Amino acid sequence: METTPTGHPGPAGVQRPPLRRGQPAPVAGVCLGLSRHLGVSVPLVRVTMILLTLAGGVGILLYLWLWIFVPSEREPTPEAAVRGLSGPAVGPVGPPKPTGTDDDAGTGRAKSLLDALTSSPEVLLGWLLLAVSALMVAQIIGVGIDWRLVLTPVVILIGVLLAWSQLDRAGPERIGRGEDGRPTAALWQVAAGAGLVLLAVLIIASGLVDTPDLAVGLTVAAMLLAGLALVVAPWLIKLYRTSQIERARAAAEAERADIAAHLHDSVLQTLAMIQKQRADPSAVERLARSQERQLRTWLYRQNAQATGTLKDQLLATAAELEEMHAVPVEVVTVGESQRSDHTPLVAAAREAILNAIKHAGPASVYVESNDREDAVFVRDRGEGFDVEAIDEDRLGVRESIIGRMHRAGGRAHIRSTGRGTEVQLFLPVEEPTSSATGESGGAEPGATEPGATEPGGGGSEQDHDVPEERAA
Amino acid sequence: MTTVPTPHTVPARRRVVIVDDHAIFRAGLRAELADRVDVLAEAHDVESAIAAVREHNPEVVLLDVHLPGGTGGGGAEVVTGCRDLLQEVTFLAISVSDEASDVVSVIRAGARGYVTKTISSEELLQAIDAVASGDAVFSPRLAGFVLDAFGTSAVAEDVRDEELDRLSAREVEVMRLIARGYTYREIASELFISIKTVETHVSKVLRKLQLSSRHELTRWAEQRRII
């Protein structure tokens with residue numbers, strides 16, 4: 001099916017880009033693809049095509065031939081993934097000179113002029129109309145022109161262009177679908193194209209035979225077509241159905257392979273490791289827990305990509321620390337943060353979680369975001385420590401938690417008793433350094449602790465979901 | 001997992017039915033709890049669960065949220081099917097899932113609490129005790145869901161009891177502390193109230209969660225494709 005020039009290596013043995021119809025193209029991308037393949041500039045190919053067309057329509061035939069048989073670069077081909085889709089528009093290596101037409105200068109100006117004259121369908125249509133008017137002028141002058149010889153090929157051509165231009169745009173599965181506008185328009189376009197071609201064929205036929213004969217011929221043709229359809233239609237329908245089933249099956253197969261690959265990478269590996277480390281209960285527990293977390297993420301949060309929200313970042317941080325230290329960290333989140341930059345809060349929270357699981361064991365993290373501030377609470381149930389004495393033995397706390405929050409415009413409190421420690425981190429939405437994103441956040445001056453009761457807040461709730469309630 | 005030695009004597013052995021479609025999990029749970037509660041029966045799907053509950057009339061049903069059988073409603077369908085027994089039988093939902101939809105559907109059907117399957121035996125026993133004596137059991141995550149659904153802003157101090165679609169300031173505080181990982185005892189000392197008061201607040205929140213027709217709750221649930 002490949003056209004002849006495809007496989008040939010260049011004169012110097014250089015591997016050419018494969019012959020593919022280029023995509024950002026006015027008509028079908030044949031010229032662009034040819035120029036990429038041959039290493040010739042695009043306008044040159046176009047002009048050659050047009051000249052060939054003038055020479056008895058060879059160019060048009062060549063163009064249509066290539067249109068049918070050369071795949072578009074958008075179509076997935078097996079090699080495409082390996083080779084890359086397209087080469088540069090103008091070959092970087094010295095292009096072999098084509099049959100010289102009017103390439104006397106070869107300068108950029110000439111090329112850009114040619115490109116401007118040939119690159120858009122409107123300009124090409126203009127050329128066509130000019131040609132028609134030239135013919136008319138010739139007729140007026142006195143040259144006898146048989147219009148049927150000119151008109152019918154043009155009508156056929158337009159019909160073909162109309163019908164085929166939809167071939168690239170819509171895949172085969174989209175043509176029939178009529179629920180949204182575009183596919184229906186495509187259908188109309190194809191129908192109009194087919195009508196034009198039929199009309200042209202009728203014109204030709206009427207030139208060959210008389211009208212009564214033509215009527216008889218049409219009837220016979222219709223009967224023949226009907227008979228043919230009777231035979232072929234079930235086959236076509238079967239073919240269509242098979243291709244649909246194949247497509248569904250391929251999709252299911254792809255999904256199954258995806259799941260299998262994921263299970264193989266994660267669950268099976270973990271199970272193997274658990275079997276190996278069964279003597280070490282803590283390792284087994286860690287493995288099981290991290291696997292559970294992964295699988296859960298994959299099952300429930302598959303569609304939510306890593307969005308970079310405060311919630312996601314803290315979940316990721318907690319998962320990472322949990323895995324590293326084999327201590328469970330539970331994260332509960334409420335609300336969505338209005339801030340755009342969470343770096344200081346996440347870093348401080350990370351430090352707090354790390355402290356908790358290093359010195360005290362399991363930690364629970366609670367994140368609450370409202371339109372005023374983001375709050376993170378990290379709680380553990382260790383023996384606690386003397387908050388006043390932290391500057392001696394826990395420099396990390398002072399610097400990387402309290403200091404970091406203050407520098408970022410927030411604050412941090414540490415409460416430690418014999419029954420556990422809680423690190424409380426607050427970061428207001430409106431920060432001096434980077435722009436705040438919340439639309440209503442700017443109205444609140446200062447930051448109040450979310451636990452505090454709003455004075456007289458009975459009438460005016462300041463929750464962010466209130467506007468929706470009013471709207472409904 | 002090993003059974004935790006009893007620090008204090010449990011007054012009475014609770015009568016429990018375990019409902020879970022995974023036999024391994026049922027066996028594990030039974031082994032964990034066997035010397036502290038009476039496991040009357042096990043069930044593996046919606047129909048057998050309803051039958052077991054009706055037959056044995058337990059105090060507490062440990063109910064997995066995801067169950068085969070019935071009309072596909074899972075644990076919530078079991079609770080609905082035993083609605084006439086809810087005075088005597090309490091349901092404690094136990095799930096691996098973090099999905100808000102799973103939790104809220106079973107709570108709204110009438111379960112008295114929700115814990116995750118990774119809970120320790122000791123905590124699970126406490127939770128069984130709590131629901132059996134009429135209290136509600138909220139995991140930190142469920143408290144988080146509640147705050148997400150009802151909103152975190154502190155509303156008027158004097159929300160009337162019959163006002164179902166708002167939490168009082170105190171209830172928000174209690175929920176927030178549960179979400180932060182505090183026990184009822186710690187919450188009580190934090191807020192200078194008695195444990196009984198904390199339990200009352202939690203029960204009220206549970207009632208609101210079950211009965212509220214609050215617009216936000218509906219919308220919130222719809223977003224998570226519950227209803």
# chains A, B, ... in the order shown; residues from 1 in each chain; ligands from 1

$ select_by_dssp --residues "stretch 213-361 of chain A" --states "alpha helix (DSSP H)" --output "ChimeraX atom specification"
/A:213-263,269-276,281-300,310-325,343-359

$ select_by_dssp --residues "stretch 240-430 of chain A" --states "strand (DSSP E)" --output "count of residues only"
37

$ closest_residue --among "B:Asp148, B:Asp102, B:Glu59, B:Glu32" --to "chain A" --atoms "only C-alpha atoms"
B:Asp148

$ closest_residue --among "A:Ala348, A:Met273, A:Gln424, A:Gly410" --to "A:Tyr366" --atoms "only C-alpha atoms"
A:Gln424

$ residues_around --residues "B:Gly110" --least-positions-apart "6" --cutoff "12 Å" --atoms "only C-alpha atoms" --output "PyMOL selection string"
chain B and resi 61+63+75-87+89-93+103-104+131+136+206-211

$ write_last_selection --atoms "N, CA and C atoms" --output "tab-separated table (two decimals), in the first residue's frame"
chain	number	residue	atom	x	y	z
B	61	VAL	N	-23.82	-4.95	66.10
B	61	VAL	CA	-23.48	-5.60	64.84
B	61	VAL	C	-22.27	-4.88	64.26
B	63	LEU	N	-20.43	-4.13	61.22
B	63	LEU	CA	-20.99	-4.19	59.88
B	63	LEU	C	-20.02	-3.63	58.87
B	75	GLY	N	-23.80	-2.35	53.36
B	75	GLY	CA	-24.08	-2.27	54.78
B	75	GLY	C	-25.30	-1.42	55.09
B	76	ALA	N	-25.47	-0.34	54.34
B	76	ALA	CA	-26.61	0.54	54.59
B	76	ALA	C	-27.92	-0.22	54.43
B	77	GLU	N	-27.94	-1.14	53.49
B	77	GLU	CA	-29.17	-1.90	53.26
B	77	GLU	C	-29.48	-2.82	54.44
B	78	VAL	N	-28.42	-3.36	55.06
B	78	VAL	CA	-28.64	-4.20	56.25
B	78	VAL	C	-29.29	-3.38	57.35
B	79	VAL	N	-28.75	-2.17	57.57
B	79	VAL	CA	-29.31	-1.32	58.62
B	79	VAL	C	-30.76	-0.98	58.30
B	80	THR	N	-31.00	-0.63	57.04
B	80	THR	CA	-32.37	-0.31	56.66
B	80	THR	C	-33.29	-1.50	56.88
B	81	GLY	N	-32.78	-2.71	56.56
B	81	GLY	CA	-33.59	-3.91	56.70
B	81	GLY	C	-33.91	-4.25	58.15
B	82	CYS	N	-33.10	-3.73	59.06
B	82	CYS	CA	-33.34	-4.00	60.48
B	82	CYS	C	-33.86	-2.76	61.20
B	83	ARG	N	-34.48	-1.87	60.45
B	83	ARG	CA	-34.83	-0.58	61.03
B	83	ARG	C	-35.73	-0.73	62.26
B	84	ASP	N	-36.61	-1.73	62.24
B	84	ASP	CA	-37.53	-1.90	63.37
B	84	ASP	C	-36.82	-2.37	64.63
B	85	LEU	N	-35.56	-2.84	64.47
B	85	LEU	CA	-34.84	-3.36	65.63
B	85	LEU	C	-33.89	-2.33	66.23
B	86	LEU	N	-33.82	-1.14	65.62
B	86	LEU	CA	-32.76	-0.21	65.98
B	86	LEU	C	-32.80	0.21	67.45
B	87	GLN	N	-33.92	-0.04	68.12
B	87	GLN	CA	-33.96	0.29	69.55
B	87	GLN	C	-33.04	-0.64	70.35
B	89	VAL	N	-30.83	-3.15	68.78
B	89	VAL	CA	-29.59	-3.52	68.09
B	89	VAL	C	-28.89	-2.25	67.62
B	90	THR	N	-27.60	-2.16	67.91
B	90	THR	CA	-26.86	-1.02	67.37
B	90	THR	C	-25.87	-1.51	66.33
B	91	PHE	N	-25.62	-0.68	65.37
B	91	PHE	CA	-24.72	-1.03	64.27
B	91	PHE	C	-23.47	-0.16	64.35
B	92	LEU	N	-22.32	-0.82	64.27
B	92	LEU	CA	-21.05	-0.11	64.21
B	92	LEU	C	-20.44	-0.44	62.85
B	93	ALA	N	-20.33	0.57	62.02
B	93	ALA	CA	-19.78	0.34	60.68
B	93	ALA	C	-18.27	0.22	60.78
B	103	VAL	N	-19.14	5.86	54.05
B	103	VAL	CA	-19.36	6.14	55.46
B	103	VAL	C	-20.73	6.77	55.67
B	104	VAL	N	-20.99	7.82	54.90
B	104	VAL	CA	-22.18	8.61	55.17
B	104	VAL	C	-23.44	7.81	54.87
B	131	VAL	N	-21.04	2.10	71.60
B	131	VAL	CA	-22.29	2.07	70.84
B	131	VAL	C	-23.34	1.24	71.57
B	136	ALA	N	-22.37	7.47	70.48
B	136	ALA	CA	-21.95	7.42	69.09
B	136	ALA	C	-20.43	7.33	69.05
B	206	LEU	N	-24.48	13.04	65.55
B	206	LEU	CA	-24.89	11.84	64.81
B	206	LEU	C	-26.34	11.95	64.37
B	207	ARG	N	-27.16	12.44	65.27
B	207	ARG	CA	-28.57	12.58	64.94
B	207	ARG	C	-28.76	13.57	63.80
B	208	LYS	N	-28.02	14.67	63.88
B	208	LYS	CA	-28.13	15.67	62.81
B	208	LYS	C	-27.65	15.08	61.49
B	209	LEU	N	-26.57	14.30	61.57
B	209	LEU	CA	-26.05	13.70	60.35
B	209	LEU	C	-27.08	12.75	59.74
B	210	GLN	N	-27.82	12.07	60.63
B	210	GLN	CA	-28.80	11.10	60.12
B	210	GLN	C	-30.07	11.77	59.63
B	211	LEU	N	-30.47	12.83	60.30
B	211	LEU	CA	-31.79	13.38	60.01
B	211	LEU	C	-31.77	14.65	59.19

$ residues_around --residues "stretch 328-336 of chain A" --least-positions-apart "3" --cutoff "6 Å" --atoms "only C-alpha atoms" --output "VMD selection string"
(chain A and resid 322 362 to 369) or (chain B and resid 141 144 148)

$ residues_around --residues "B:Asp129" --least-positions-apart "6" --cutoff "12 Å" --atoms "only C-alpha atoms" --output "VMD selection string"
chain B and resid 10 to 16 36 to 37 59 to 62 90 to 92 112 to 113 122 to 123 135 to 137

$ write_last_selection --atoms "N, CA and C atoms" --output "short mmCIF file (atom, residue, chain, number, x, y, z; two decimals), in the first residue's frame"
data_model
loop_
_atom_site.label_atom_id
_atom_site.label_comp_id
_atom_site.auth_asym_id
_atom_site.auth_seq_id
_atom_site.Cartn_x
_atom_site.Cartn_y
_atom_site.Cartn_z
N VAL B 10 -14.15 -5.62 81.99
CA VAL B 10 -15.32 -5.22 81.22
C VAL B 10 -16.56 -5.72 81.96
N PRO B 11 -17.50 -4.83 82.20
CA PRO B 11 -18.63 -5.21 83.02
C PRO B 11 -19.40 -6.42 82.48
N ALA B 12 -19.76 -6.36 81.22
CA ALA B 12 -20.54 -7.48 80.69
C ALA B 12 -20.02 -7.79 79.31
N ARG B 13 -20.09 -9.06 78.97
CA ARG B 13 -19.66 -9.42 77.63
C ARG B 13 -20.75 -9.04 76.64
N ARG B 14 -20.36 -8.22 75.70
CA ARG B 14 -21.34 -7.76 74.72
C ARG B 14 -21.65 -8.88 73.74
N ARG B 15 -22.88 -8.94 73.31
CA ARG B 15 -23.27 -9.94 72.31
C ARG B 15 -23.17 -9.30 70.92
N VAL B 16 -22.36 -9.92 70.08
CA VAL B 16 -21.96 -9.29 68.84
C VAL B 16 -22.21 -10.21 67.65
N ARG B 36 -13.35 -11.43 74.76
CA ARG B 36 -13.88 -10.23 75.41
C ARG B 36 -15.36 -10.01 75.10
N VAL B 37 -15.81 -10.54 73.98
CA VAL B 37 -17.23 -10.41 73.65
C VAL B 37 -17.76 -11.76 73.21
N GLU B 59 -26.46 -7.18 70.68
CA GLU B 59 -26.37 -5.79 71.10
C GLU B 59 -25.71 -4.93 70.03
N VAL B 60 -24.66 -5.49 69.46
CA VAL B 60 -23.88 -4.72 68.49
C VAL B 60 -23.66 -5.57 67.24
N VAL B 61 -23.82 -4.95 66.10
CA VAL B 61 -23.48 -5.60 64.84
C VAL B 61 -22.27 -4.88 64.26
N LEU B 62 -21.17 -5.62 64.10
CA LEU B 62 -20.02 -5.05 63.41
C LEU B 62 -20.26 -5.23 61.92
N THR B 90 -27.60 -2.16 67.91
CA THR B 90 -26.86 -1.02 67.37
C THR B 90 -25.87 -1.51 66.33
N PHE B 91 -25.62 -0.68 65.37
CA PHE B 91 -24.72 -1.03 64.27
C PHE B 91 -23.47 -0.16 64.35
N LEU B 92 -22.32 -0.82 64.27
CA LEU B 92 -21.05 -0.11 64.21
C LEU B 92 -20.44 -0.44 62.85
N ARG B 112 -24.57 3.57 64.41
CA ARG B 112 -24.24 4.47 65.52
C ARG B 112 -22.79 4.90 65.50
N GLY B 113 -22.01 4.37 64.61
CA GLY B 113 -20.61 4.77 64.62
C GLY B 113 -19.88 4.22 63.42
N GLU B 122 -8.11 -2.92 71.21
CA GLU B 122 -8.56 -2.23 72.41
C GLU B 122 -9.55 -1.12 72.05
N GLU B 123 -9.20 -0.37 71.03
CA GLU B 123 -10.08 0.72 70.61
C GLU B 123 -11.40 0.19 70.07
N ASP B 135 -23.95 5.41 72.98
CA ASP B 135 -23.18 6.56 72.50
C ASP B 135 -22.84 6.39 71.03
N ALA B 136 -22.37 7.47 70.48
CA ALA B 136 -21.95 7.42 69.09
C ALA B 136 -20.43 7.33 69.05
N VAL B 137 -19.92 6.65 68.05
CA VAL B 137 -18.47 6.53 67.90
C VAL B 137 -18.06 7.17 66.58
#

$ decode --residues "stretch 181-194 of chain B" --atoms "all heavy atoms" --output "PDB file, in the first residue's frame"
ATOM      1  N   GLY B 181      -7.727  13.935  66.767  1.00  0.00           N
ATOM      2  CA  GLY B 181      -7.228  12.723  67.403  1.00  0.00           C
ATOM      3  C   GLY B 181      -7.409  12.685  68.907  1.00  0.00           C
ATOM      4  O   GLY B 181      -6.771  11.874  69.580  1.00  0.00           O
ATOM      5  N   TYR B 182      -8.239  13.542  69.458  1.00  0.00           N
ATOM      6  CA  TYR B 182      -8.455  13.546  70.902  1.00  0.00           C
ATOM      7  C   TYR B 182      -9.456  12.460  71.279  1.00  0.00           C
ATOM      8  O   TYR B 182     -10.404  12.185  70.545  1.00  0.00           O
ATOM      9  CB  TYR B 182      -9.009  14.907  71.352  1.00  0.00           C
ATOM     10  CG  TYR B 182      -7.975  16.009  71.439  1.00  0.00           C
ATOM     11  CD1 TYR B 182      -7.247  16.385  70.317  1.00  0.00           C
ATOM     12  CD2 TYR B 182      -7.764  16.688  72.622  1.00  0.00           C
ATOM     13  CE1 TYR B 182      -6.320  17.398  70.387  1.00  0.00           C
ATOM     14  CE2 TYR B 182      -6.836  17.718  72.709  1.00  0.00           C
ATOM     15  CZ  TYR B 182      -6.113  18.062  71.584  1.00  0.00           C
ATOM     16  OH  TYR B 182      -5.207  19.063  71.662  1.00  0.00           O
ATOM     17  N   THR B 183      -9.250  11.885  72.462  1.00  0.00           N
ATOM     18  CA  THR B 183     -10.266  10.969  72.986  1.00  0.00           C
ATOM     19  C   THR B 183     -11.347  11.794  73.671  1.00  0.00           C
ATOM     20  O   THR B 183     -11.174  12.993  73.921  1.00  0.00           O
ATOM     21  CB  THR B 183      -9.654  10.016  74.018  1.00  0.00           C
ATOM     22  OG1 THR B 183      -9.149  10.806  75.096  1.00  0.00           O
ATOM     23  CG2 THR B 183      -8.524   9.217  73.415  1.00  0.00           C
ATOM     24  N   TYR B 184     -12.474  11.121  73.979  1.00  0.00           N
ATOM     25  CA  TYR B 184     -13.556  11.841  74.654  1.00  0.00           C
ATOM     26  C   TYR B 184     -13.068  12.455  75.961  1.00  0.00           C
ATOM     27  O   TYR B 184     -13.413  13.581  76.310  1.00  0.00           O
ATOM     28  CB  TYR B 184     -14.732  10.896  74.942  1.00  0.00           C
ATOM     29  CG  TYR B 184     -15.539  10.526  73.712  1.00  0.00           C
ATOM     30  CD1 TYR B 184     -15.124  10.904  72.453  1.00  0.00           C
ATOM     31  CD2 TYR B 184     -16.718   9.802  73.818  1.00  0.00           C
ATOM     32  CE1 TYR B 184     -15.848  10.559  71.334  1.00  0.00           C
ATOM     33  CE2 TYR B 184     -17.456   9.456  72.702  1.00  0.00           C
ATOM     34  CZ  TYR B 184     -17.009   9.833  71.462  1.00  0.00           C
ATOM     35  OH  TYR B 184     -17.734   9.495  70.350  1.00  0.00           O
ATOM     36  N   ARG B 185     -12.231  11.673  76.674  1.00  0.00           N
ATOM     37  CA  ARG B 185     -11.737  12.168  77.955  1.00  0.00           C
ATOM     38  C   ARG B 185     -10.909  13.443  77.758  1.00  0.00           C
ATOM     39  O   ARG B 185     -11.066  14.435  78.479  1.00  0.00           O
ATOM     40  CB  ARG B 185     -10.889  11.078  78.608  1.00  0.00           C
ATOM     41  CG  ARG B 185     -10.367  11.424  79.993  1.00  0.00           C
ATOM     42  CD  ARG B 185      -9.501  10.288  80.501  1.00  0.00           C
ATOM     43  NE  ARG B 185     -10.220   9.018  80.517  1.00  0.00           N
ATOM     44  CZ  ARG B 185     -11.035   8.657  81.509  1.00  0.00           C
ATOM     45  NH1 ARG B 185     -11.204   9.452  82.532  1.00  0.00           N
ATOM     46  NH2 ARG B 185     -11.648   7.500  81.473  1.00  0.00           N
ATOM     47  N   GLU B 186     -10.047  13.403  76.744  1.00  0.00           N
ATOM     48  CA  GLU B 186      -9.212  14.579  76.481  1.00  0.00           C
ATOM     49  C   GLU B 186     -10.047  15.773  76.042  1.00  0.00           C
ATOM     50  O   GLU B 186      -9.773  16.915  76.415  1.00  0.00           O
ATOM     51  CB  GLU B 186      -8.165  14.243  75.416  1.00  0.00           C
ATOM     52  CG  GLU B 186      -7.058  13.351  75.919  1.00  0.00           C
ATOM     53  CD  GLU B 186      -6.251  12.738  74.791  1.00  0.00           C
ATOM     54  OE1 GLU B 186      -6.733  12.726  73.638  1.00  0.00           O
ATOM     55  OE2 GLU B 186      -5.151  12.262  75.059  1.00  0.00           O
ATOM     56  N   ILE B 187     -11.078  15.488  75.254  1.00  0.00           N
ATOM     57  CA  ILE B 187     -11.954  16.567  74.817  1.00  0.00           C
ATOM     58  C   ILE B 187     -12.635  17.195  76.025  1.00  0.00           C
ATOM     59  O   ILE B 187     -12.715  18.424  76.145  1.00  0.00           O
ATOM     60  CB  ILE B 187     -13.009  16.044  73.820  1.00  0.00           C
ATOM     61  CG1 ILE B 187     -12.331  15.569  72.550  1.00  0.00           C
ATOM     62  CG2 ILE B 187     -14.029  17.120  73.499  1.00  0.00           C
ATOM     63  CD1 ILE B 187     -13.240  14.805  71.630  1.00  0.00           C
ATOM     64  N   ALA B 188     -13.066  16.329  76.944  1.00  0.00           N
ATOM     65  CA  ALA B 188     -13.757  16.829  78.129  1.00  0.00           C
ATOM     66  C   ALA B 188     -12.857  17.760  78.923  1.00  0.00           C
ATOM     67  O   ALA B 188     -13.265  18.869  79.302  1.00  0.00           O
ATOM     68  CB  ALA B 188     -14.200  15.650  78.991  1.00  0.00           C
ATOM     69  N   SER B 189     -11.602  17.363  79.117  1.00  0.00           N
ATOM     70  CA  SER B 189     -10.728  18.222  79.910  1.00  0.00           C
ATOM     71  C   SER B 189     -10.319  19.460  79.111  1.00  0.00           C
ATOM     72  O   SER B 189     -10.102  20.525  79.677  1.00  0.00           O
ATOM     73  CB  SER B 189      -9.500  17.435  80.378  1.00  0.00           C
ATOM     74  OG  SER B 189      -8.685  17.121  79.278  1.00  0.00           O
ATOM     75  N   GLU B 190     -10.245  19.325  77.801  1.00  0.00           N
ATOM     76  CA  GLU B 190      -9.881  20.471  76.969  1.00  0.00           C
ATOM     77  C   GLU B 190     -10.968  21.546  77.026  1.00  0.00           C
ATOM     78  O   GLU B 190     -10.689  22.742  77.091  1.00  0.00           O
ATOM     79  CB  GLU B 190      -9.699  19.991  75.522  1.00  0.00           C
ATOM     80  CG  GLU B 190      -9.457  21.075  74.497  1.00  0.00           C
ATOM     81  CD  GLU B 190      -7.997  21.498  74.461  1.00  0.00           C
ATOM     82  OE1 GLU B 190      -7.150  20.736  74.981  1.00  0.00           O
ATOM     83  OE2 GLU B 190      -7.726  22.585  73.928  1.00  0.00           O
ATOM     84  N   LEU B 191     -12.213  21.109  76.993  1.00  0.00           N
ATOM     85  CA  LEU B 191     -13.322  22.069  76.927  1.00  0.00           C
ATOM     86  C   LEU B 191     -13.946  22.319  78.302  1.00  0.00           C
ATOM     87  O   LEU B 191     -14.948  23.031  78.393  1.00  0.00           O
ATOM     88  CB  LEU B 191     -14.402  21.553  75.961  1.00  0.00           C
ATOM     89  CG  LEU B 191     -13.948  21.335  74.522  1.00  0.00           C
ATOM     90  CD1 LEU B 191     -15.087  20.794  73.686  1.00  0.00           C
ATOM     91  CD2 LEU B 191     -13.440  22.627  73.913  1.00  0.00           C
ATOM     92  N   PHE B 192     -13.369  21.731  79.332  1.00  0.00           N
ATOM     93  CA  PHE B 192     -13.878  21.877  80.696  1.00  0.00           C
ATOM     94  C   PHE B 192     -15.338  21.441  80.795  1.00  0.00           C
ATOM     95  O   PHE B 192     -16.183  22.153  81.328  1.00  0.00           O
ATOM     96  CB  PHE B 192     -13.722  23.325  81.188  1.00  0.00           C
ATOM     97  CG  PHE B 192     -12.315  23.827  81.073  1.00  0.00           C
ATOM     98  CD1 PHE B 192     -11.962  24.741  80.096  1.00  0.00           C
ATOM     99  CD2 PHE B 192     -11.324  23.335  81.923  1.00  0.00           C
ATOM    100  CE1 PHE B 192     -10.653  25.172  79.975  1.00  0.00           C
ATOM    101  CE2 PHE B 192     -10.010  23.769  81.798  1.00  0.00           C
ATOM    102  CZ  PHE B 192      -9.676  24.697  80.815  1.00  0.00           C
ATOM    103  N   ILE B 193     -15.621  20.313  80.216  1.00  0.00           N
ATOM    104  CA  ILE B 193     -16.963  19.743  80.347  1.00  0.00           C
ATOM    105  C   ILE B 193     -16.813  18.282  80.752  1.00  0.00           C
ATOM    106  O   ILE B 193     -15.706  17.750  80.733  1.00  0.00           O
ATOM    107  CB  ILE B 193     -17.769  19.841  79.014  1.00  0.00           C
ATOM    108  CG1 ILE B 193     -16.964  19.247  77.870  1.00  0.00           C
ATOM    109  CG2 ILE B 193     -18.165  21.271  78.724  1.00  0.00           C
ATOM    110  CD1 ILE B 193     -17.648  19.296  76.530  1.00  0.00           C
ATOM    111  N   SER B 194     -17.916  17.637  81.107  1.00  0.00           N
ATOM    112  CA  SER B 194     -17.821  16.240  81.512  1.00  0.00           C
ATOM    113  C   SER B 194     -17.814  15.338  80.278  1.00  0.00           C
ATOM    114  O   SER B 194     -18.238  15.742  79.193  1.00  0.00           O
ATOM    115  CB  SER B 194     -19.008  15.879  82.399  1.00  0.00           C
ATOM    116  OG  SER B 194     -20.167  15.809  81.608  1.00  0.00           O
TER     117      SER B 194
END
